[in-house]
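Data block below; observations after.
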Amino acid sequence: MKSGMVIVGAGEAGVRAAVTLRQQGWDGPVTLLGEEPHTPYERPPLSKDYLTGADRKLTSIGGTNQFEALEINFRPSVTVEAIRREDRTLITRDGETLQYEKLLLATGASARRVRIPKVPDPSILLLRSVNDSDRIRERMREGLNVVMVGGGFIGLEVAASLRSHGAIVHVLELQDELMKRAVPASIAQIIRQEHQNQGVHIHLSTRVSDVNTRHDRRMLTLSNGQTIQADMIIAGVGAAPSTGLAESAGLRIENGIAVDAGMATEDPHIFAAGDCCSFPHPLYDNNRMRLESWRCAQEQGEVAALNMLGKGETYMKAPWFWSNQFDLGLQIAGLPDQGSEEVVRQIDDRSLLHFSLRADGTLAGAAGVAPGNAIARDIKICERLINGGSKPDPAVLSDPGAPLKPLLQAG
Amino acid sequence: MAAENWQDVCATSDIPEDDVIAQTVGDQEIALYEVEGSYFATDNLCTHGQARLSEGFLEDGEIECPLHQGRFCVKSGKAMCAPLTEDIRAYPVKISGDRVWVDLG
């Protein structure tokens, strides 16, 4: 039998790669290995509608419904233990061996744990998989005292979801602002204000300094002097790339599985895509970066698939990211922290666009927040400006009355 | 054949050139588009996530969902790319004078 394409990891990158291989006419075997028992599902709802029970159904990843028609051999509950590069073979936990012609590692990332003295690790919940989300949802009830450790995207989305359903929520953040490196301060402030208006207790520059049990209740003493009840503790302190398999196979690791701009490792038969990999970005001076982005994972899966077929494709799109908290929608295009000049468009007290320009006048990134998806169109235009290397007029960017769409023509 | 149900939904001038608006007709929300002098109508809610297409980006006769960048053909309602797996409903449109009529069927 012809040894085919094997993909390890059935998330956004892996599924998109499998489908792309077929769309590009590859007619040999395609095997997609998932570690979880589930059909490939979208993770973003896990901290939002799925967590609150507003949407009880998992959303399948697009393309999953075509697996049979496309003859994609999807196998759930398979853990790969080792890659034997010398004879291009995978060894699974069950001892099975699988040959590959080309291999794509789309192993994703796993939630980082936190240690809190006197609190056993398993009682600090995480949010990454559907099982994690179910665990939180099953325990959720009105009036539950929830402590969210970490004021990043996941932490704040979970805080908003649980607060909307009547929990008493405290968010502990070590930094002096929420979502510190990811979002400009002007936007973080609007989001923080919304959380506070909704009754979420935000503790900045704060850690847990002591834990005690009083009348069967776990009480946390915080470094700001307050004592709060913690019926449920959830950690949202970021994710670590799942590189173990690649590392033990001797592949280079650099904050993720190191690949080139075509998603290839230094082994010509092995590629990596999505949250697990780091890559040089041509739009950003080929700086090596790792992104955790739903859309980026799909796009990289596609590029990897093309290159597994020898097409010579490069990944060079502006990263795109979104978050929903209460009724606010946040979107980011590009990398706002890569600019040297900041331009702000204040639309109203809950709507704002923040542009980051480089010294040469090109747009490095843009972030925006507004109720619903009201900021989406403007961010879409920014994405085009970034991808096109345009130099938008700062006077237009800062003027809330000036439409952005004409900037696309201005070049 | 399905019964026709033509509704006067708005004036042509309510829909900016090369743009999309939302309009509520009865208990239904639809998206109305202008593309190079022609008018089109579809459901306003994306078939993938919970997002209004009227907040999306219209280009070359396709509306891109503001949340996950799935694209639909505004004329046929056809889903054009991932993550979409389901088409959206498109409605017949006719122009009478300066009014836009939609057959909600």
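FYI, nothing fancy with the structure tokens labels: chains A, B, ... in order, residues from 1 per chain, ligands from 1 as they appear.
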
- Task: Determine which residues of chain A sit within 7 Å of chain B, taking into account only C-alpha atoms, and present them as a list in words.
- Result: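 For chain A, the answer reads Gly62, Asn373, Ala374, Ala376 and Arg377 of chain A.
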
Convert the current residue selection to file output with N, CA, C and O atoms, as an mmCIF file, in the first residue's frame.
data_model
loop_
_atom_site.group_PDB
_atom_site.id
_atom_site.type_symbol
_atom_site.label_atom_id
_atom_site.label_comp_id
_atom_site.auth_asym_id
_atom_site.auth_seq_id
_atom_site.Cartn_x
_atom_site.Cartn_y
_atom_site.Cartn_z
ATOM 1 N N GLY A 62 -15.604 23.028 10.057
ATOM 2 C CA GLY A 62 -16.018 22.998 8.654
ATOM 3 C C GLY A 62 -15.212 21.979 7.860
ATOM 4 O O GLY A 62 -13.987 21.952 7.941
ATOM 5 N N ASN A 373 -20.730 43.146 16.637
ATOM 6 C CA ASN A 373 -19.638 43.031 15.664
ATOM 7 C C ASN A 373 -19.412 44.345 14.936
ATOM 8 O O ASN A 373 -18.920 44.370 13.811
ATOM 9 N N ALA A 374 -19.794 45.456 15.575
ATOM 10 C CA ALA A 374 -19.784 46.741 14.882
ATOM 11 C C ALA A 374 -18.396 47.165 14.419
ATOM 12 O O ALA A 374 -18.269 47.985 13.517
ATOM 13 N N ALA A 376 -16.180 45.096 13.124
ATOM 14 C CA ALA A 376 -15.642 44.087 12.198
ATOM 15 C C ALA A 376 -15.238 44.656 10.846
ATOM 16 O O ALA A 376 -14.179 44.339 10.314
ATOM 17 N N ARG A 377 -16.097 45.502 10.290
ATOM 18 C CA ARG A 377 -15.805 46.015 8.954
ATOM 19 C C ARG A 377 -14.538 46.848 8.926
ATOM 20 O O ARG A 377 -13.731 46.744 8.007
#

- Message: I'd like the neighbourhood of range 209-223 of chain A as a PyMOL selection string, where a residue qualifies if any of its atoms comes within 12 Å (using only C-alpha atoms), though same-chain residues fewer than 5 positions away should be ignored.
- Response: chain A and resi 115-120+123+144-149+170-174+203-204+228-233

Take the residues just selected and output them with N, CA, C and O atoms as a JSON list (two decimals), in the first residue's frame.
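What landed in part.json:
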[["chain", "number", "residue", "atom", "x", "y", "z"],
["A", 115, "ARG", "N", 0.08, 26.95, 40.16],
["A", 115, "ARG", "CA", 0.18, 26.34, 41.48],
["A", 115, "ARG", "C", -0.32, 27.35, 42.50],
["A", 115, "ARG", "O", 0.09, 28.52, 42.48],
["A", 116, "ILE", "N", -1.20, 26.92, 43.36],
["A", 116, "ILE", "CA", -1.59, 27.75, 44.49],
["A", 116, "ILE", "C", -1.35, 26.92, 45.74],
["A", 116, "ILE", "O", -1.89, 25.82, 45.86],
["A", 117, "PRO", "N", -0.50, 27.42, 46.65],
["A", 117, "PRO", "CA", -0.19, 26.65, 47.86],
["A", 117, "PRO", "C", -1.47, 26.24, 48.59],
["A", 117, "PRO", "O", -2.41, 27.04, 48.68],
["A", 118, "LYS", "N", -1.49, 25.02, 49.07],
["A", 118, "LYS", "CA", -2.61, 24.47, 49.83],
["A", 118, "LYS", "C", -3.85, 24.18, 48.99],
["A", 118, "LYS", "O", -4.89, 23.82, 49.53],
["A", 119, "VAL", "N", -3.77, 24.37, 47.68],
["A", 119, "VAL", "CA", -4.89, 23.96, 46.82],
["A", 119, "VAL", "C", -4.40, 22.85, 45.91],
["A", 119, "VAL", "O", -3.44, 23.04, 45.18],
["A", 120, "PRO", "N", -5.02, 21.66, 46.03],
["A", 120, "PRO", "CA", -4.55, 20.55, 45.18],
["A", 120, "PRO", "C", -4.76, 20.88, 43.71],
["A", 120, "PRO", "O", -5.80, 21.42, 43.33],
["A", 123, "SER", "N", -8.05, 20.49, 41.63],
["A", 123, "SER", "CA", -9.21, 21.33, 41.91],
["A", 123, "SER", "C", -9.08, 22.72, 41.31],
["A", 123, "SER", "O", -9.95, 23.57, 41.47],
["A", 144, "LEU", "N", -22.64, 31.04, 42.74],
["A", 144, "LEU", "CA", -21.35, 30.36, 42.92],
["A", 144, "LEU", "C", -20.22, 31.39, 42.95],
["A", 144, "LEU", "O", -20.20, 32.32, 42.15],
["A", 145, "ASN", "N", -19.29, 31.20, 43.88],
["A", 145, "ASN", "CA", -18.15, 32.12, 43.98],
["A", 145, "ASN", "C", -17.00, 31.58, 43.13],
["A", 145, "ASN", "O", -16.37, 30.60, 43.49],
["A", 146, "VAL", "N", -16.76, 32.25, 42.03],
["A", 146, "VAL", "CA", -15.76, 31.79, 41.07],
["A", 146, "VAL", "C", -14.54, 32.70, 41.12],
["A", 146, "VAL", "O", -14.68, 33.93, 41.07],
["A", 147, "VAL", "N", -13.37, 32.10, 41.22],
["A", 147, "VAL", "CA", -12.14, 32.89, 41.12],
["A", 147, "VAL", "C", -11.42, 32.49, 39.84],
["A", 147, "VAL", "O", -11.10, 31.33, 39.62],
["A", 148, "MET", "N", -11.23, 33.48, 38.98],
["A", 148, "MET", "CA", -10.56, 33.26, 37.70],
["A", 148, "MET", "C", -9.13, 33.76, 37.86],
["A", 148, "MET", "O", -8.92, 34.95, 38.12],
["A", 149, "VAL", "N", -8.18, 32.86, 37.74],
["A", 149, "VAL", "CA", -6.78, 33.27, 37.85],
["A", 149, "VAL", "C", -6.28, 33.58, 36.44],
["A", 149, "VAL", "O", -6.16, 32.69, 35.60],
["A", 170, "HIS", "N", -14.56, 36.78, 40.56],
["A", 170, "HIS", "CA", -13.35, 37.58, 40.81],
["A", 170, "HIS", "C", -12.31, 37.20, 39.78],
["A", 170, "HIS", "O", -12.06, 36.01, 39.56],
["A", 171, "VAL", "N", -11.68, 38.20, 39.16],
["A", 171, "VAL", "CA", -10.59, 37.94, 38.22],
["A", 171, "VAL", "C", -9.30, 38.46, 38.85],
["A", 171, "VAL", "O", -9.21, 39.62, 39.25],
["A", 172, "LEU", "N", -8.30, 37.57, 38.98],
["A", 172, "LEU", "CA", -7.00, 37.97, 39.54],
["A", 172, "LEU", "C", -5.99, 38.07, 38.40],
["A", 172, "LEU", "O", -5.82, 37.13, 37.64],
["A", 173, "GLU", "N", -5.35, 39.23, 38.30],
["A", 173, "GLU", "CA", -4.37, 39.43, 37.24],
["A", 173, "GLU", "C", -3.07, 39.95, 37.85],
["A", 173, "GLU", "O", -3.09, 40.91, 38.62],
["A", 174, "LEU", "N", -1.95, 39.34, 37.48],
["A", 174, "LEU", "CA", -0.65, 39.75, 38.03],
["A", 174, "LEU", "C", -0.22, 41.11, 37.48],
["A", 174, "LEU", "O", 0.41, 41.91, 38.18],
["A", 203, "HIS", "N", -9.19, 42.34, 40.03],
["A", 203, "HIS", "CA", -8.06, 42.65, 40.93],
["A", 203, "HIS", "C", -6.79, 42.67, 40.10],
["A", 203, "HIS", "O", -6.30, 41.62, 39.69],
["A", 204, "LEU", "N", -6.26, 43.86, 39.83],
["A", 204, "LEU", "CA", -5.03, 43.97, 39.06],
["A", 204, "LEU", "C", -3.81, 43.91, 39.98],
["A", 204, "LEU", "O", -3.93, 44.18, 41.18],
["A", 228, "ILE", "N", -11.47, 36.53, 49.78],
["A", 228, "ILE", "CA", -12.64, 36.18, 48.97],
["A", 228, "ILE", "C", -12.91, 34.69, 49.04],
["A", 228, "ILE", "O", -12.00, 33.89, 49.25],
["A", 229, "GLN", "N", -14.18, 34.33, 48.90],
["A", 229, "GLN", "CA", -14.57, 32.93, 48.92],
["A", 229, "GLN", "C", -14.37, 32.34, 47.52],
["A", 229, "GLN", "O", -14.69, 32.98, 46.53],
["A", 230, "ALA", "N", -13.86, 31.10, 47.48],
["A", 230, "ALA", "CA", -13.61, 30.47, 46.19],
["A", 230, "ALA", "C", -14.25, 29.08, 46.15],
["A", 230, "ALA", "O", -13.67, 28.11, 46.60],
["A", 231, "ASP", "N", -15.47, 29.01, 45.61],
["A", 231, "ASP", "CA", -16.12, 27.70, 45.45],
["A", 231, "ASP", "C", -15.52, 26.97, 44.25],
["A", 231, "ASP", "O", -15.51, 25.75, 44.20],
["A", 232, "MET", "N", -15.08, 27.77, 43.28],
["A", 232, "MET", "CA", -14.49, 27.18, 42.07],
["A", 232, "MET", "C", -13.32, 28.06, 41.65],
["A", 232, "MET", "O", -13.46, 29.29, 41.61],
["A", 233, "ILE", "N", -12.19, 27.45, 41.38],
["A", 233, "ILE", "CA", -11.02, 28.20, 40.90],
["A", 233, "ILE", "C", -10.71, 27.72, 39.48],
["A", 233, "ILE", "O", -10.63, 26.51, 39.23]]

- Query: Skipping near chain neighbours, those fewer than 2 positions away, what residues fall within 12 Å of Ala11 in chain B using only C-alpha atoms, listed as a PyMOL selection string?
  - Reply: chain B and resi 7-9+13-16+21+23+32+34+39+94-102

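The coordinates place CA of Ala159 in chain A at 20.4 Å from CA of Gly368 in chain A.
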